[in-house]
Amino acid sequence: MSIPQSGGGPIESHEQLAELLSKGCKPKEDWRIGTEHEKFGYCKDTLKPLPYEGQRSILAVLEGLRDSFGWAPVLEGDKLIGLEKNGANVSLEPGGQLELSGAPLETIHETCDEVNAHLRDVKAISDKVGVGFIGLGAAPTWTHEEMPQMPKGRYKLMTEYMGRVGTHGTQMMYRTCTVQVNLDFSSEADMVQKLRVALALQPVATALFANSPFFEGKPNGHKSWRSRVWRGLDNARTGMLPFVFEDGMGFERWVQYALDVPMYFVYRDGKYIDALGQSFRDFLQGKLPALPGETPTLSDWADHLTTAFPEARVKQFIEMRGADGGPWRRLCALPAFWVGLLYDQSSLDAAWDMVKGWDAETREGLRIAASEDALQAEVNGLKMQDLAAQAVEIAEAGLKARARPGADGLIPDETHFLNALKDSIETGQTPADELLEKYHGAWGGDLNRIFAEYSY
């Protein structure tokens, strides 16, 4: 999850809210790729989640990365809760999931090199202290009571609030992992077209990357339990956002949506002030109960924008949020999929032609079906496997048109990063299907074997 924003003076006019978003507009030559991925840490001898402190812990991993690989510490109070280096940061999700938020990079080759270097470094430290990390969309065996809580004030507030507004909020916080990619836009119109395609095709990404068929030690009836969890989290801040497809969509319309998202907190002097369920609209008028008489800064607004969790999200870039955390190979496939679809205008237009006839009911139906059946899903005559094949074909054309070679010049473009997805489309099998086959076959129902066979 996001770290607190900084900078930005007081908000003196409503127009500044949309202006903050519009400052993300960049010429095409300045577009970048930012990839984020989360993973679960566990003690190798017990297969239980890592505590924050101790010999085998999240803190030991963070300190090892800091001391061995030159990362600068990020503190909350006196607690080490993250790391920074070269435009990237390592942060903690509520249950200790370790997240790399990558630097903004020009090509998927660079993104994949960054991911590979990070996972090698994490493994080097983990092996020294007797811990492991695994890429899955949901914790396969652990109960809520077994999960630690990281020492971040934001998470303490959110944990309390989640139980009031949905049925799966704490599951999302403590026992799910995702991989996402953040991409740029050139203008308001470009943002709108990309966001519409991103939302409509997010279920296809969910299906292709489905990797969470287990929960609390047994199959859960879904290929992507992580996606199911997000549907039961908080309807005020999640979902497929039908308004994005209506006339008049733009930065100001996103502002109006975000203003209706209930607040979590205000960050002041290194501390999180409880503003749970309160209104940013009241804050703008100096009527926030948490801070009577005080009005917000632009950094407060930037913080608030990070507390909306739809399937695709606008900040000064667009976040694609629909995929399960997964195996090493797929961490490079997700940016390849979305860059191919969105960073070439011909491919973006083709993707929009693919989805523009779908109504809100169809988009939501695909979202639900993707979590349950992945590539075997079918909604209103639309077969997910066929949609995935079409989307990946469009993405491949977009990557060919980009024609970004590898550093050595021997690889002409970025299309090979799609190979893992092509394999799934050809067979109809996602990582979740592979896991279920092993669980019911070679593993004989022993889910603990997942750690030895699927850890990084």
# chains A, B, ... in the order shown; residues from 1 in each chain; ligands from 1
>>> select_by_dssp(residues="stretch 242-369 of chain A", states="strand (DSSP E)", output="mmCIF file with N, CA and C atoms, in the first residue's frame")
data_model
loop_
_atom_site.group_PDB
_atom_site.id
_atom_site.type_symbol
_atom_site.label_atom_id
_atom_site.label_comp_id
_atom_site.auth_asym_id
_atom_site.auth_seq_id
_atom_site.Cartn_x
_atom_site.Cartn_y
_atom_site.Cartn_z
ATOM 1 N N PHE A 265 -7.967 8.451 7.121
ATOM 2 C CA PHE A 265 -7.042 9.106 8.043
ATOM 3 C C PHE A 265 -6.602 10.448 7.486
ATOM 4 N N VAL A 266 -5.952 11.211 8.337
ATOM 5 C CA VAL A 266 -5.135 12.361 7.939
ATOM 6 C C VAL A 266 -3.758 12.142 8.558
ATOM 7 N N TYR A 267 -2.723 12.377 7.767
ATOM 8 C CA TYR A 267 -1.349 12.148 8.225
ATOM 9 C C TYR A 267 -0.745 13.476 8.664
ATOM 10 N N ARG A 268 -0.361 13.560 9.944
ATOM 11 C CA ARG A 268 0.217 14.779 10.489
ATOM 12 C C ARG A 268 1.396 14.448 11.416
ATOM 13 N N LYS A 271 2.199 10.898 12.238
ATOM 14 C CA LYS A 271 1.153 10.078 12.860
ATOM 15 C C LYS A 271 -0.119 10.092 12.012
ATOM 16 N N TYR A 272 -0.861 8.997 12.111
ATOM 17 C CA TYR A 272 -2.135 8.878 11.413
ATOM 18 C C TYR A 272 -3.264 9.259 12.348
ATOM 19 N N ILE A 273 -4.027 10.266 11.964
ATOM 20 C CA ILE A 273 -5.165 10.730 12.759
ATOM 21 C C ILE A 273 -6.424 10.044 12.234
ATOM 22 N N ASP A 274 -7.181 9.461 13.124
ATOM 23 C CA ASP A 274 -8.384 8.714 12.775
ATOM 24 C C ASP A 274 -9.431 9.642 12.174
ATOM 25 N N ALA A 312 -9.206 -0.546 -11.511
ATOM 26 C CA ALA A 312 -8.155 0.304 -12.084
ATOM 27 C C ALA A 312 -8.315 1.668 -11.440
ATOM 28 N N ARG A 313 -7.204 2.339 -11.169
ATOM 29 C CA ARG A 313 -7.247 3.558 -10.353
ATOM 30 C C ARG A 313 -6.431 4.668 -11.013
ATOM 31 N N VAL A 314 -6.969 5.895 -10.922
ATOM 32 C CA VAL A 314 -6.273 7.059 -11.455
ATOM 33 C C VAL A 314 -5.606 7.824 -10.323
ATOM 34 N N ILE A 318 -2.169 5.572 -14.240
ATOM 35 C CA ILE A 318 -3.256 4.607 -14.077
ATOM 36 C C ILE A 318 -2.679 3.301 -13.557
ATOM 37 N N GLU A 319 -3.299 2.762 -12.514
ATOM 38 C CA GLU A 319 -2.878 1.496 -11.915
ATOM 39 C C GLU A 319 -3.795 0.373 -12.372
ATOM 40 N N MET A 320 -3.201 -0.714 -12.869
ATOM 41 C CA MET A 320 -3.943 -1.925 -13.229
ATOM 42 C C MET A 320 -3.886 -2.875 -12.044
ATOM 43 N N ARG A 321 -5.042 -3.184 -11.425
ATOM 44 C CA ARG A 321 -5.061 -3.772 -10.093
ATOM 45 C C ARG A 321 -5.733 -5.137 -10.019
ATOM 46 N N GLY A 322 -5.919 -5.826 -11.167
ATOM 47 C CA GLY A 322 -6.769 -7.007 -11.156
ATOM 48 C C GLY A 322 -6.091 -8.355 -11.078
ATOM 49 N N ALA A 323 -4.755 -8.401 -10.925
ATOM 50 C CA ALA A 323 -4.044 -9.676 -11.048
ATOM 51 C C ALA A 323 -3.567 -10.211 -9.711
ATOM 52 N N ASP A 324 -3.597 -11.532 -9.576
ATOM 53 C CA ASP A 324 -3.018 -12.208 -8.412
ATOM 54 C C ASP A 324 -1.498 -12.139 -8.451
#
>>> residues_around(residues="stretch 115-130 of chain A", least_positions_apart="5", cutoff="7 Å", atoms="only C-alpha atoms", output="VMD selection string")
chain A and resid 43 to 44 55 to 56 61 64 to 65
>>> closest_atom_pairs(of="stretch 302-402 of chain A", to="stretch 149-166 of chain A", cutoff="12 Å", atoms="only C-alpha atoms", output="tab-separated table")
residue	atom	partner	partner_atom	distance
A:Asp303	CA	A:Arg154	CA	10.9
A:His304	CA	A:Arg154	CA	11.8
A:Thr306	CA	A:Arg154	CA	11.6
A:Thr307	CA	A:Met158	CA	9.9
>>> write_last_selection(atoms="N, CA and C atoms", output="tab-separated table (two decimals), in the first residue's frame")
chain	number	residue	atom	x	y	z
A	303	ASP	N	-2.96	11.60	-0.50
A	303	ASP	CA	-3.15	10.46	0.40
A	303	ASP	C	-4.54	9.85	0.23
A	304	HIS	N	-5.54	10.73	0.18
A	304	HIS	CA	-6.91	10.24	0.08
A	304	HIS	C	-7.13	9.47	-1.22
A	306	THR	N	-5.25	7.48	-2.56
A	306	THR	CA	-4.72	6.12	-2.42
A	306	THR	C	-5.66	5.21	-1.63
A	307	THR	N	-6.76	5.74	-1.13
A	307	THR	CA	-7.67	4.93	-0.33
A	307	THR	C	-8.90	4.48	-1.11
>>> atom_distance(atom1="atom CA of A:Ala308", atom2="atom CA of A:Val244")
14.4 Å
>>> closest_atom_pairs(of="stretch 371-396 of chain A", to="stretch 334-351 of chain A", cutoff="8 Å", atoms="only C-alpha atoms", output="JSON lines")
{"residue": "A:Ala391", "atom": "CA", "partner": "A:Ala351", "partner_atom": "CA", "distance": 7.0}
{"residue": "A:Val392", "atom": "CA", "partner": "A:Phe337", "partner_atom": "CA", "distance": 6.6}
{"residue": "A:Ile394", "atom": "CA", "partner": "A:Ser347", "partner_atom": "CA", "distance": 5.7}
{"residue": "A:Ala395", "atom": "CA", "partner": "A:Gly340", "partner_atom": "CA", "distance": 3.9}
{"residue": "A:Glu396", "atom": "CA", "partner": "A:Gly340", "partner_atom": "CA", "distance": 6.0}
>>> residues_around(residues="A:Phe40", least_positions_apart="3", cutoff="7 Å", atoms="only C-alpha atoms", output="PyMOL selection string")
chain A and resi 97-98+133-135
>>> residues_around(residues="stretch 15-31 of chain A", least_positions_apart="2", cutoff="7 Å", atoms="only C-alpha atoms", output="list in words")
Ile11, Ser13, Asp184, Phe185, Ser186, Ser187, Phe251, Glu252, Val255, Lys315, Gln316 and Phe317 of chain A
>>> write_last_selection(atoms="N, CA and C atoms", output="PDB file, in the first residue's frame")
ATOM      1  N   ILE A  11      -4.973  23.575  -0.065  1.00  0.00           N
ATOM      2  CA  ILE A  11      -5.937  23.592  -1.166  1.00  0.00           C
ATOM      3  C   ILE A  11      -6.781  24.855  -1.025  1.00  0.00           C
ATOM      4  N   SER A  13      -8.584  26.168  -3.861  1.00  0.00           N
ATOM      5  CA  SER A  13      -9.707  26.151  -4.797  1.00  0.00           C
ATOM      6  C   SER A  13      -9.996  24.720  -5.207  1.00  0.00           C
ATOM      7  N   ASP A 184       1.322   5.566 -17.839  1.00  0.00           N
ATOM      8  CA  ASP A 184       1.100   6.996 -18.028  1.00  0.00           C
ATOM      9  C   ASP A 184       0.050   7.283 -19.097  1.00  0.00           C
ATOM     10  N   PHE A 185      -0.348   8.548 -19.144  1.00  0.00           N
ATOM     11  CA  PHE A 185      -1.275   9.046 -20.169  1.00  0.00           C
ATOM     12  C   PHE A 185      -0.778  10.401 -20.648  1.00  0.00           C
ATOM     13  N   SER A 186      -1.220  10.793 -21.847  1.00  0.00           N
ATOM     14  CA  SER A 186      -0.723  12.037 -22.442  1.00  0.00           C
ATOM     15  C   SER A 186      -1.674  13.205 -22.249  1.00  0.00           C
ATOM     16  N   SER A 187      -2.948  12.909 -22.026  1.00  0.00           N
ATOM     17  CA  SER A 187      -3.967  13.949 -21.964  1.00  0.00           C
ATOM     18  C   SER A 187      -5.172  13.411 -21.214  1.00  0.00           C
ATOM     19  N   PHE A 251     -11.017  14.129 -15.561  1.00  0.00           N
ATOM     20  CA  PHE A 251     -10.369  14.303 -14.261  1.00  0.00           C
ATOM     21  C   PHE A 251     -11.362  14.783 -13.199  1.00  0.00           C
ATOM     22  N   GLU A 252     -12.231  15.726 -13.557  1.00  0.00           N
ATOM     23  CA  GLU A 252     -13.173  16.257 -12.572  1.00  0.00           C
ATOM     24  C   GLU A 252     -14.174  15.189 -12.137  1.00  0.00           C
ATOM     25  N   VAL A 255     -12.527  13.172  -9.608  1.00  0.00           N
ATOM     26  CA  VAL A 255     -12.496  13.928  -8.349  1.00  0.00           C
ATOM     27  C   VAL A 255     -13.805  13.741  -7.594  1.00  0.00           C
ATOM     28  N   LYS A 315      -4.317   8.068 -10.496  1.00  0.00           N
ATOM     29  CA  LYS A 315      -3.596   9.077  -9.714  1.00  0.00           C
ATOM     30  C   LYS A 315      -2.938   9.979 -10.756  1.00  0.00           C
ATOM     31  N   GLN A 316      -1.644  10.176 -10.719  1.00  0.00           N
ATOM     32  CA  GLN A 316      -0.979  10.852 -11.827  1.00  0.00           C
ATOM     33  C   GLN A 316      -0.499   9.834 -12.850  1.00  0.00           C
ATOM     34  N   PHE A 317      -1.063   8.669 -12.778  1.00  0.00           N
ATOM     35  CA  PHE A 317      -0.886   7.562 -13.713  1.00  0.00           C
ATOM     36  C   PHE A 317      -2.068   6.637 -13.461  1.00  0.00           C
TER      37      PHE A 317
END
>>> residues_around(residues="A:Pro262", least_positions_apart="5", cutoff="10 Å", atoms="only C-alpha atoms", output="list in words")
Ala236, Arg237, Ala275, Leu276, Gly277, Gln278, Ser279, Phe280, Arg281, His304, Thr307 and Ala308 of chain A
>>> residues_around(residues="A:Leu436", least_positions_apart="2", cutoff="9 Å", atoms="only C-alpha atoms", output="PDB file with N, CA and C atoms, in the first residue's frame")
ATOM      1  N   PRO A 213      -6.342 -20.475  -5.537  1.00  0.00           N
ATOM      2  CA  PRO A 213      -7.465 -21.411  -5.386  1.00  0.00           C
ATOM      3  C   PRO A 213      -7.594 -22.013  -3.991  1.00  0.00           C
ATOM      4  N   PHE A 214      -6.670 -21.657  -3.072  1.00  0.00           N
ATOM      5  CA  PHE A 214      -6.692 -22.226  -1.724  1.00  0.00           C
ATOM      6  C   PHE A 214      -6.829 -21.128  -0.683  1.00  0.00           C
ATOM      7  N   PRO A 219      -9.163 -26.087  -0.956  1.00  0.00           N
ATOM      8  CA  PRO A 219      -9.712 -25.349  -2.101  1.00  0.00           C
ATOM      9  C   PRO A 219     -10.896 -24.489  -1.669  1.00  0.00           C
ATOM     10  N   LYS A 223     -10.886 -19.731  -8.623  1.00  0.00           N
ATOM     11  CA  LYS A 223      -9.530 -19.741  -9.166  1.00  0.00           C
ATOM     12  C   LYS A 223      -8.742 -18.532  -8.652  1.00  0.00           C
ATOM     13  N   PRO A 431      -2.235 -20.614 -13.557  1.00  0.00           N
ATOM     14  CA  PRO A 431      -1.521 -21.139 -12.384  1.00  0.00           C
ATOM     15  C   PRO A 431      -2.452 -21.806 -11.380  1.00  0.00           C
ATOM     16  N   ALA A 432      -3.656 -21.275 -11.203  1.00  0.00           N
ATOM     17  CA  ALA A 432      -4.599 -21.886 -10.260  1.00  0.00           C
ATOM     18  C   ALA A 432      -4.975 -23.296 -10.681  1.00  0.00           C
ATOM     19  N   ASP A 433      -5.176 -23.511 -11.973  1.00  0.00           N
ATOM     20  CA  ASP A 433      -5.518 -24.848 -12.457  1.00  0.00           C
ATOM     21  C   ASP A 433      -4.372 -25.823 -12.212  1.00  0.00           C
ATOM     22  N   GLU A 434      -3.166 -25.352 -12.424  1.00  0.00           N
ATOM     23  CA  GLU A 434      -1.991 -26.197 -12.178  1.00  0.00           C
ATOM     24  C   GLU A 434      -1.900 -26.578 -10.702  1.00  0.00           C
ATOM     25  N   LYS A 438      -2.226 -30.409  -8.954  1.00  0.00           N
ATOM     26  CA  LYS A 438      -1.225 -31.011  -8.068  1.00  0.00           C
ATOM     27  C   LYS A 438      -1.821 -31.368  -6.712  1.00  0.00           C
ATOM     28  N   TYR A 439      -2.678 -30.488  -6.201  1.00  0.00           N
ATOM     29  CA  TYR A 439      -3.301 -30.735  -4.891  1.00  0.00           C
ATOM     30  C   TYR A 439      -4.106 -32.036  -4.919  1.00  0.00           C
ATOM     31  N   HIS A 440      -4.904 -32.212  -5.965  1.00  0.00           N
ATOM     32  CA  HIS A 440      -5.757 -33.395  -6.052  1.00  0.00           C
ATOM     33  C   HIS A 440      -4.999 -34.618  -6.570  1.00  0.00           C
ATOM     34  N   GLY A 441      -3.777 -34.403  -7.079  1.00  0.00           N
ATOM     35  CA  GLY A 441      -2.997 -35.496  -7.637  1.00  0.00           C
ATOM     36  C   GLY A 441      -1.760 -35.800  -6.820  1.00  0.00           C
TER      37      GLY A 441
END
>>> closest_atom_pairs(of="stretch 113-220 of chain A", to="stretch 418-429 of chain A", cutoff="10 Å", atoms="only C-alpha atoms", output="CSV")
residue,atom,partner,partner_atom,distance
A:Ala205,CA,A:Leu421,CA,9.8
A:Ala207,CA,A:Gln429,CA,9.9
A:Leu208,CA,A:Leu421,CA,6.7
A:Phe209,CA,A:Leu421,CA,8.3
A:Ala210,CA,A:Gln429,CA,9.6
>>> write_last_selection(atoms="N, CA and C atoms", output="tab-separated table (two decimals), in the first residue's frame")
chain	number	residue	atom	x	y	z
A	205	ALA	N	-7.37	-9.99	-17.23
A	205	ALA	CA	-6.12	-10.11	-16.47
A	205	ALA	C	-6.33	-10.99	-15.24
A	207	ALA	N	-8.36	-13.43	-14.90
A	207	ALA	CA	-8.43	-14.82	-15.35
A	207	ALA	C	-7.05	-15.36	-15.71
A	208	LEU	N	-6.29	-14.60	-16.49
A	208	LEU	CA	-4.97	-15.07	-16.93
A	208	LEU	C	-4.00	-15.27	-15.77
A	209	PHE	N	-4.13	-14.45	-14.74
A	209	PHE	CA	-3.19	-14.49	-13.63
A	209	PHE	C	-3.78	-15.18	-12.39
A	210	ALA	N	-4.92	-15.84	-12.54
A	210	ALA	CA	-5.57	-16.49	-11.39
A	210	ALA	C	-4.60	-17.44	-10.70
>>> atom_distance(atom1="atom CA of A:Leu136", atom2="atom CA of A:Gly54")
24.3 Å
>>> select_by_dssp(residues="stretch 36-238 of chain A", states="alpha helix (DSSP H)", output="PyMOL selection string")
chain A and resi 58-69+108-129+153-165+169-175+188-208+225-231
>>> closest_residue(among="A:Leu199, A:Val204, A:Ala374, A:Met263", to="A:Pro289", atoms="only C-alpha atoms")
A:Met263
>>> atom_distance(atom1="atom CA of A:Asp359", atom2="atom CA of A:Ala389")
20.9 Å
